[in-house]
file final.txt (compact mmCIF, C-alpha atoms)
# COMPACT_ATOMS: atom_id res chain seq x y z
CA MET A 66 -23.84 -4.98 23.57
CA SER A 67 -20.47 -5.06 21.85
CA GLN A 68 -22.26 -6.18 18.71
CA LYS A 69 -23.85 -2.73 18.44
CA LEU A 70 -20.51 -0.94 18.52
CA THR A 71 -18.83 0.09 15.30
CA ASP A 72 -15.43 -1.39 14.47
CA GLU A 73 -13.78 1.92 15.27
CA GLU A 74 -15.48 2.08 18.71
CA VAL A 75 -14.38 -1.49 19.45
CA VAL A 76 -10.82 -0.61 18.46
CA LYS A 77 -10.92 2.41 20.77
CA LYS A 78 -11.74 0.07 23.67
CA ILE A 79 -8.97 -2.35 22.69
CA LYS A 80 -6.47 0.50 22.54
CA LYS A 81 -7.47 1.49 26.06
CA GLY A 82 -6.50 -1.99 27.25
CA ASN A 83 -9.74 -3.97 26.94
CA SER A 84 -8.10 -6.76 24.92
CA GLU A 85 -11.12 -9.05 25.28
CA PHE A 86 -12.89 -6.85 22.71
CA TYR A 87 -10.46 -8.13 20.10
CA GLY A 88 -12.62 -11.24 20.01
CA VAL A 89 -15.39 -9.10 18.49
CA ILE A 90 -13.04 -8.01 15.71
CA VAL A 91 -11.97 -11.59 15.02
CA GLU A 92 -15.60 -12.71 14.97
CA ARG A 93 -16.57 -9.96 12.53
CA TYR A 94 -13.68 -10.35 10.15
CA GLN A 95 -12.77 -14.03 10.25
CA ALA A 96 -15.21 -15.07 7.52
CA PRO A 97 -14.64 -12.19 5.08
CA LEU A 98 -10.88 -12.28 5.50
CA THR A 99 -10.76 -16.06 5.07
CA ARG A 100 -12.79 -15.72 1.88
CA TYR A 101 -10.54 -12.93 0.60
CA VAL A 102 -7.23 -14.64 1.46
CA ARG A 103 -8.47 -17.93 0.00
CA ARG A 104 -9.23 -16.26 -3.31
CA VAL A 105 -6.01 -14.29 -3.43
CA VAL A 106 -3.54 -17.03 -2.51
CA ASN A 107 -5.58 -19.96 -3.83
CA GLN A 108 -4.01 -22.45 -1.42
CA THR A 109 -5.07 -25.22 0.93
CA GLU A 110 -7.49 -24.42 3.78
CA GLU A 111 -4.70 -24.88 6.33
CA GLU A 112 -2.44 -22.32 4.68
CA VAL A 113 -5.36 -19.89 4.38
CA GLU A 114 -6.16 -20.29 8.09
CA ASP A 115 -2.52 -19.70 9.01
CA ILE A 116 -2.46 -16.48 6.99
CA VAL A 117 -5.76 -15.29 8.50
CA GLN A 118 -4.48 -16.03 12.00
CA GLU A 119 -1.33 -14.06 11.21
CA VAL A 120 -3.51 -11.18 9.98
CA PHE A 121 -5.27 -10.99 13.35
CA ILE A 122 -2.00 -11.30 15.27
CA LYS A 123 -0.41 -8.51 13.22
CA GLY A 124 -3.64 -6.53 13.60
CA TYR A 125 -3.46 -6.74 17.37
CA GLU A 126 0.25 -5.94 17.53
CA ASN A 127 -0.20 -2.87 15.33
CA ILE A 128 -3.58 -1.67 16.53
CA GLN A 129 -2.09 1.44 18.17
CA GLY A 130 -1.05 2.51 14.69
CA PHE A 131 -4.64 2.51 13.45
CA GLU A 132 -6.14 5.97 13.11
CA GLU A 133 -9.74 5.97 14.32
CA SER A 134 -10.72 8.59 11.74
CA LYS A 135 -10.20 5.93 9.06
CA LYS A 136 -12.08 2.78 8.17
CA PHE A 137 -10.99 -0.24 10.17
CA SER A 138 -12.03 -2.72 7.50
CA SER A 139 -9.62 -1.13 4.97
CA TRP A 140 -6.86 -1.25 7.57
CA ILE A 141 -7.28 -4.96 8.35
CA TYR A 142 -7.65 -5.82 4.65
CA ARG A 143 -4.38 -3.96 4.07
CA ILE A 144 -2.66 -6.28 6.56
CA ALA A 145 -4.20 -9.28 4.77
CA HIS A 146 -2.98 -7.90 1.43
CA ASN A 147 0.56 -7.49 2.79
CA LEU A 148 0.61 -11.01 4.21
CA CYS A 149 -0.63 -12.45 0.92
CA ILE A 150 2.21 -10.64 -0.87
CA ASP A 151 4.65 -12.07 1.71
CA PHE A 152 3.19 -15.50 1.10
CA PHE A 153 3.83 -15.19 -2.64
CA ARG A 154 7.37 -14.07 -1.98
CA LYS A 155 8.01 -17.16 0.08
CA ASN A 156 6.00 -19.71 -1.91
CA LYS A 157 5.06 -20.44 -5.46
CA PRO A 158 1.31 -20.23 -6.10
CA VAL A 159 -0.56 -23.45 -6.84
CA ILE A 160 -3.56 -23.20 -9.14
CA ASN A 161 -6.56 -24.78 -7.51
CA ILE A 162 -10.13 -23.90 -8.46
CA SER A 163 -11.96 -22.84 -5.31
CA GLU A 164 -15.48 -23.96 -4.66
CA ASP A 165 -16.15 -20.90 -2.59
CA SER A 166 -17.13 -18.73 -5.54
CA GLU A 167 -20.43 -20.55 -5.55
CA GLU A 168 -21.64 -18.11 -2.90
CA LEU A 169 -21.26 -15.30 -5.35
CA PHE A 170 -23.96 -16.31 -7.67
CA GLU A 171 -27.35 -16.67 -6.14
CA SER A 172 -29.46 -19.15 -8.01
CA ASN A 173 -33.17 -19.55 -7.57
CA GLU A 174 -35.09 -22.57 -8.64
CA LYS A 175 -33.86 -23.22 -12.11
CA LEU A 176 -33.99 -26.04 -14.54
CA VAL A 177 -31.18 -28.58 -14.32
CA GLU A 178 -29.95 -27.55 -17.75
CA GLU A 179 -29.82 -23.87 -16.75
CA LEU A 180 -27.96 -24.79 -13.60
CA ALA A 181 -25.40 -26.74 -15.58
CA ILE A 182 -24.83 -23.74 -17.85
CA GLU A 183 -24.64 -21.49 -14.79
CA LYS A 184 -22.10 -23.82 -13.19
CA GLU A 185 -20.00 -23.82 -16.31
CA LYS A 186 -20.10 -20.02 -16.39
CA LYS A 187 -19.12 -19.79 -12.71
CA GLU A 188 -16.19 -22.11 -13.26
CA LYS A 189 -15.10 -20.05 -16.23
CA VAL A 190 -15.31 -16.80 -14.25
CA THR A 191 -13.48 -18.33 -11.29
CA TRP A 192 -10.78 -19.72 -13.55
CA ALA A 193 -10.44 -16.39 -15.35
CA VAL A 194 -10.16 -14.40 -12.09
CA GLU A 195 -7.60 -16.83 -10.74
CA SER A 196 -5.61 -16.59 -13.95
CA LEU A 197 -5.21 -12.84 -13.62
CA GLU A 198 -1.97 -11.30 -12.38
CA LEU A 199 -2.04 -10.59 -8.65
CA LYS A 200 -2.53 -6.80 -8.98
CA TYR A 201 -5.56 -7.27 -11.25
CA ARG A 202 -6.92 -10.24 -9.32
CA GLU A 203 -6.88 -8.31 -6.05
CA VAL A 204 -8.68 -5.31 -7.45
CA VAL A 205 -11.36 -7.57 -9.02
CA LEU A 206 -11.78 -9.53 -5.78
CA LEU A 207 -12.06 -6.40 -3.69
CA PHE A 208 -14.49 -4.64 -6.00
CA TYR A 209 -16.77 -7.45 -7.12
CA PHE A 210 -16.42 -10.10 -4.42
CA GLU A 211 -15.80 -7.99 -1.31
CA GLU A 212 -17.90 -5.06 -2.58
CA LYS A 213 -15.37 -2.41 -1.58
CA SER A 214 -15.53 1.12 -2.95
CA TYR A 215 -12.73 2.68 -5.04
CA ASP A 216 -11.70 4.70 -1.99
CA GLU A 217 -11.49 1.62 0.22
CA ILE A 218 -9.57 -0.32 -2.45
CA GLY A 219 -7.19 2.65 -2.69
CA ASP A 220 -6.65 2.50 1.06
CA ILE A 221 -6.07 -1.25 1.00
CA LEU A 222 -3.70 -1.27 -1.96
CA ARG A 223 -2.16 2.12 -1.00
CA THR A 224 -2.86 3.76 -4.32
CA ASN A 225 -5.04 6.59 -5.61
CA THR A 226 -8.62 6.07 -6.80
CA SER A 227 -7.84 6.86 -10.43
CA ASN A 228 -5.24 4.09 -10.42
CA VAL A 229 -7.84 1.74 -8.95
CA GLY A 230 -10.11 2.64 -11.88
CA VAL A 231 -7.34 1.98 -14.38
CA LEU A 232 -6.49 -1.37 -12.78
CA LEU A 233 -10.13 -2.39 -12.78
CA LEU A 234 -10.60 -1.39 -16.41
CA ARG A 235 -7.55 -3.39 -17.48
CA ALA A 236 -8.65 -6.33 -15.35
CA ARG A 237 -12.08 -6.28 -17.04
CA GLU A 238 -10.46 -6.26 -20.48
CA LYS A 239 -8.24 -9.19 -19.51
CA LEU A 240 -11.23 -11.06 -18.11
CA LYS A 241 -13.19 -10.49 -21.32
CA LYS A 242 -10.36 -11.95 -23.35
CA LEU A 243 -10.05 -14.92 -21.01
CA ILE A 244 -13.78 -15.67 -20.92
CA MET B 18 -8.97 -29.73 11.02
CA LYS B 19 -10.60 -26.32 11.40
CA LYS B 20 -8.95 -24.08 13.99
CA ASN B 21 -10.78 -21.85 16.39
CA ILE B 22 -8.85 -18.74 15.48
CA GLN B 23 -10.75 -16.51 17.91
CA ASN B 24 -9.90 -18.66 20.95
CA GLU B 25 -6.32 -19.20 19.87
CA ILE B 26 -5.69 -15.50 19.45
CA LEU B 27 -7.39 -14.48 22.68
CA LYS B 28 -5.33 -17.14 24.53
CA LYS B 29 -2.12 -15.81 23.02
CA ILE B 30 -3.09 -12.28 24.06
CA GLU B 31 -3.90 -13.42 27.59
CA LYS B 32 -0.61 -15.29 27.92
CA GLY B 33 1.26 -12.24 26.65
CA GLU B 34 2.58 -14.09 23.59
CA VAL B 35 1.03 -11.43 21.38
CA ARG B 36 1.50 -7.85 22.53
CA MET B 37 0.45 -4.45 21.27
CA LYS B 38 3.28 -2.27 20.05
CA PRO B 39 3.32 1.11 21.82
CA LYS B 40 1.82 4.12 20.03
CA TRP B 41 5.08 6.09 20.06
CA GLN B 42 6.64 3.51 17.73
CA PHE B 43 4.11 4.33 15.03
CA GLU B 44 4.40 8.06 15.59
CA ALA B 45 8.21 7.85 15.47
CA LYS B 46 8.06 5.82 12.25
CA GLU B 47 5.81 8.38 10.59
CA LYS B 48 7.93 11.32 11.78
CA GLY B 49 11.07 9.43 10.72
CA LYS B 50 9.71 9.11 7.18
CA SER B 51 8.93 12.84 7.06
CA GLY B 52 12.41 13.57 8.45
CA VAL B 53 14.09 11.39 5.83
CA ALA B 54 12.02 13.10 3.10
CA LEU B 55 12.99 16.56 4.33
CA GLY B 56 16.65 15.55 4.76
CA THR B 57 16.85 14.23 1.20
CA LEU B 58 15.31 17.41 -0.14
CA ILE B 59 17.69 19.66 1.81
CA LEU B 60 20.66 17.71 0.40
CA ALA B 61 19.11 17.88 -3.06
CA ALA B 62 18.70 21.63 -2.62
CA VAL B 63 22.40 21.93 -1.75
CA GLY B 64 23.19 20.08 -4.99
CA ILE B 65 20.90 22.27 -7.04
CA ALA B 66 22.29 25.41 -5.36
CA SER B 67 25.85 24.33 -6.30
CA VAL B 68 24.81 23.95 -9.94
CA ILE B 69 23.14 27.38 -9.84
CA PHE B 70 26.25 28.80 -8.18
CA PHE B 71 28.43 27.36 -10.95
CA ILE B 72 26.19 28.84 -13.65
CA LYS B 73 26.10 32.24 -11.93
CA GLU B 74 29.83 32.43 -11.23
CA TYR B 75 31.25 30.85 -14.41
CA GLU B 76 28.62 32.05 -16.89
CA PRO B 77 29.37 28.98 -19.05
CA TRP B 78 27.86 30.53 -22.22
CA THR B 79 30.52 33.31 -22.17
CA LEU B 80 33.30 30.79 -21.47
CA TRP B 81 32.01 28.64 -24.33
CA GLU B 82 32.49 31.56 -26.72
CA LEU B 83 36.19 31.77 -25.73
CA GLY B 84 36.97 28.60 -27.67
CA GLU B 85 38.73 25.39 -26.62
CA VAL B 86 40.12 26.73 -23.31
CA GLY B 87 36.73 28.09 -22.23
CA LYS B 88 34.98 24.84 -23.17
CA GLN B 89 37.55 22.87 -21.21
CA ILE B 90 37.00 25.00 -18.11
CA VAL B 91 33.22 24.45 -18.31
CA ILE B 92 33.59 20.68 -18.84
CA GLU B 93 36.19 20.25 -16.08
CA ASP B 94 34.63 22.48 -13.44
CA PHE B 95 30.95 21.60 -13.85
CA PRO B 96 29.70 20.13 -10.53
CA TYR B 97 28.63 16.82 -12.06
CA TRP B 98 28.40 15.02 -8.74
CA TRP B 99 26.10 17.58 -7.20
CA PHE B 100 23.97 17.57 -10.34
CA VAL B 101 23.57 13.76 -10.33
CA VAL B 102 23.14 13.58 -6.55
CA GLY B 103 20.53 16.35 -6.73
CA ILE B 104 18.47 14.48 -9.33
CA ILE B 105 18.74 11.16 -7.45
CA LEU B 106 17.72 12.81 -4.18
CA VAL B 107 14.72 14.56 -5.72
CA ALA B 108 13.59 11.20 -7.14
CA THR B 109 14.17 9.61 -3.72
CA PHE B 110 12.08 12.35 -2.12
CA THR B 111 9.09 11.60 -4.40
CA ASN B 112 9.38 7.94 -3.45
CA VAL B 113 9.56 8.60 0.29
CA ILE B 114 6.85 11.26 0.32
CA LYS B 115 4.37 8.83 -1.28
CA ARG B 116 4.70 6.68 1.82
CA VAL B 117 4.02 9.48 4.29
CA GLY B 118 0.48 9.73 5.67
CA ASP B 119 -2.26 9.74 3.05
CA ASN B 120 -0.01 10.84 0.20
CA TYR B 121 -0.58 7.53 -1.59
CA LYS B 122 -3.96 8.99 -2.49
CA ARG B 123 -2.29 11.69 -4.57
CA THR B 124 -1.62 11.18 -8.26
CA GLU B 125 1.88 11.03 -9.69
CA LYS B 126 1.35 14.52 -11.15
CA GLU B 127 0.36 15.99 -7.76
CA ILE B 128 3.42 14.38 -6.11
CA TRP B 129 5.72 15.90 -8.73
CA ILE B 130 4.12 19.34 -8.40
CA ILE B 131 4.62 19.20 -4.61
CA THR B 132 8.21 18.01 -5.14
CA ILE B 133 9.05 20.82 -7.55
CA VAL B 134 7.45 23.53 -5.41
CA VAL B 135 9.07 22.33 -2.17
CA THR B 136 12.45 21.85 -3.92
CA MET B 137 12.28 25.42 -5.24
CA ILE B 138 11.44 26.80 -1.79
CA ILE B 139 14.21 24.84 -0.02
CA THR B 140 16.73 25.69 -2.76
CA ALA B 141 15.88 29.39 -2.33
CA VAL B 142 16.41 29.05 1.43
CA VAL B 143 19.75 27.23 0.95
CA TRP B 144 20.80 29.83 -1.64
CA ASN B 145 20.09 32.66 0.78
CA ILE B 146 21.80 30.89 3.70
CA ARG B 147 24.93 30.55 1.49
CA LYS B 148 25.01 34.34 1.16
CA LEU B 149 25.38 34.66 4.94
CA PHE B 150 28.78 32.94 4.92

call {"tool": "encode", "arguments": {"input": "final.txt", "output": "structure tokens"}}
result
Amino acid sequence: MSQKLTDEEVVKKIKKGNSEFYGVIVERYQAPLTRYVRRVVNQTEEEVEDIVQEVFIKGYENIQGFEESKKFSSWIYRIAHNLCIDFFRKNKPVINISEDSEELFESNEKLVEELAIEKEKKEKVTWAVESLELKYREVVLLFYFEEKSYDEIGDILRTNTSNVGVLLLRAREKLKKLI
Amino acid sequence: MKKNIQNEILKKIEKGEVRMKPKWQFEAKEKGKSGVALGTLILAAVGIASVIFFIKEYEPWTLWELGEVGKQIVIEDFPYWWFVVGIILVATFTNVIKRVGDNYKRTEKEIWIITIVVTMIITAVVWNIRKLF
């Protein structure tokens, strides 16, 4: 039954003291947040898992601060964003091409040659995205990979939508140059 | 080894290792930010009012025409500190106000318009309060 509830309705129940509903939140967001954190920090699986776990812990601790009139997904992504920033403050990033970006590009039955070209393209795109500065990388990841709207990105990065547009435009220009 | 995050977190919640912060903490934080913003602007208004007071009382342009002595009076008596403090506090206000509520959605231009309008209103209030004493 809890699967039918919206995130905001689940949060309402958690706020009222039904902590067991937090499992629903973790279940819904574990995969997307892991994917997002992995792409932002570009670290080992263990480090990514630690950050994601911390996101959920911080999420639970601060859940009373969430306003139900807003989108929960933006709120939890904001926590993930903050923890990624903290991670960068504490550690130096290690460049490591992630295999996860494969999911992004759906490939039907293609010739081996086409697949090889496709693979090369994917690697180039992944490398280019990972080479971007954090502020550009995040906006690209949120818009193209996580399919968030300008409004949601604004809520996550705590900036206005026109700034999101500017960041995205600059990121695209940088990506063009890199690719 | 892959962790079962869901179980680990639910266990921590059950054991009381992870606890929800009370709602009042968030409300107090938000009100605190608004309070700090308002406080900075009131102080800034006092600074601006002192500069206006100096201009009104000294009429520096007439003193300037008096020659060296007049110029010296203007240079020595100008409330530099209040002027600098006023500017710093107005800038601080714009920084704090961006962090209050949904203000991050506003553009830089909108924030500055709000700052200027509110500063003018508070300065007018401070100016009129001064007249009472």

call {"tool": "interface_residues", "arguments": {"input": "final.txt", "of": "chain A", "to": "chain B", "cutoff": "8 Å", "atoms": "only C-alpha atoms", "output": "MDAnalysis selection string"}}
result
chainID A and resid 84:85 87:88 91:92 111 114 118 121:122 125:130 219:220 223:227

call {"tool": "closest_residue", "arguments": {"input": "final.txt", "among": "A:Lys69, A:Lys242, A:Lys213, A:Lys123", "to": "Ile141 (chain A)", "atoms": "all atoms listed in the file"}}
result
A:Lys123

call {"tool": "closest_residue", "arguments": {"input": "final.txt", "among": "A:Tyr101, A:Phe153, A:Phe86, A:Phe137", "to": "Val113 (chain A)", "atoms": "only C-alpha atoms"}}
result
A:Tyr101

call {"tool": "atom_distance", "arguments": {"input": "final.txt", "atom1": "CA of Ile144 (chain A)", "atom2": "CA of Ser51 (chain B)"}}
result
22.4 Å

call {"tool": "axis_aligned_box", "arguments": {"input": "final.txt", "around": "region 76-94 of chain B", "padding_each_side": "4 Å", "output": "JSON"}}
result
{"center_x": 34.0, "center_y": 26.8, "center_z": -20.6, "size_x": 20.3, "size_y": 21.1, "size_z": 22.2}

call {"tool": "residues_around", "arguments": {"input": "final.txt", "residues": "region 97-100 of chain B", "least_positions_apart": "4", "cutoff": "7 Å", "atoms": "only C-alpha atoms", "output": "list in words"}}
result
Gly64, Ile65, Ser67, Val68 and Ile104 of chain B
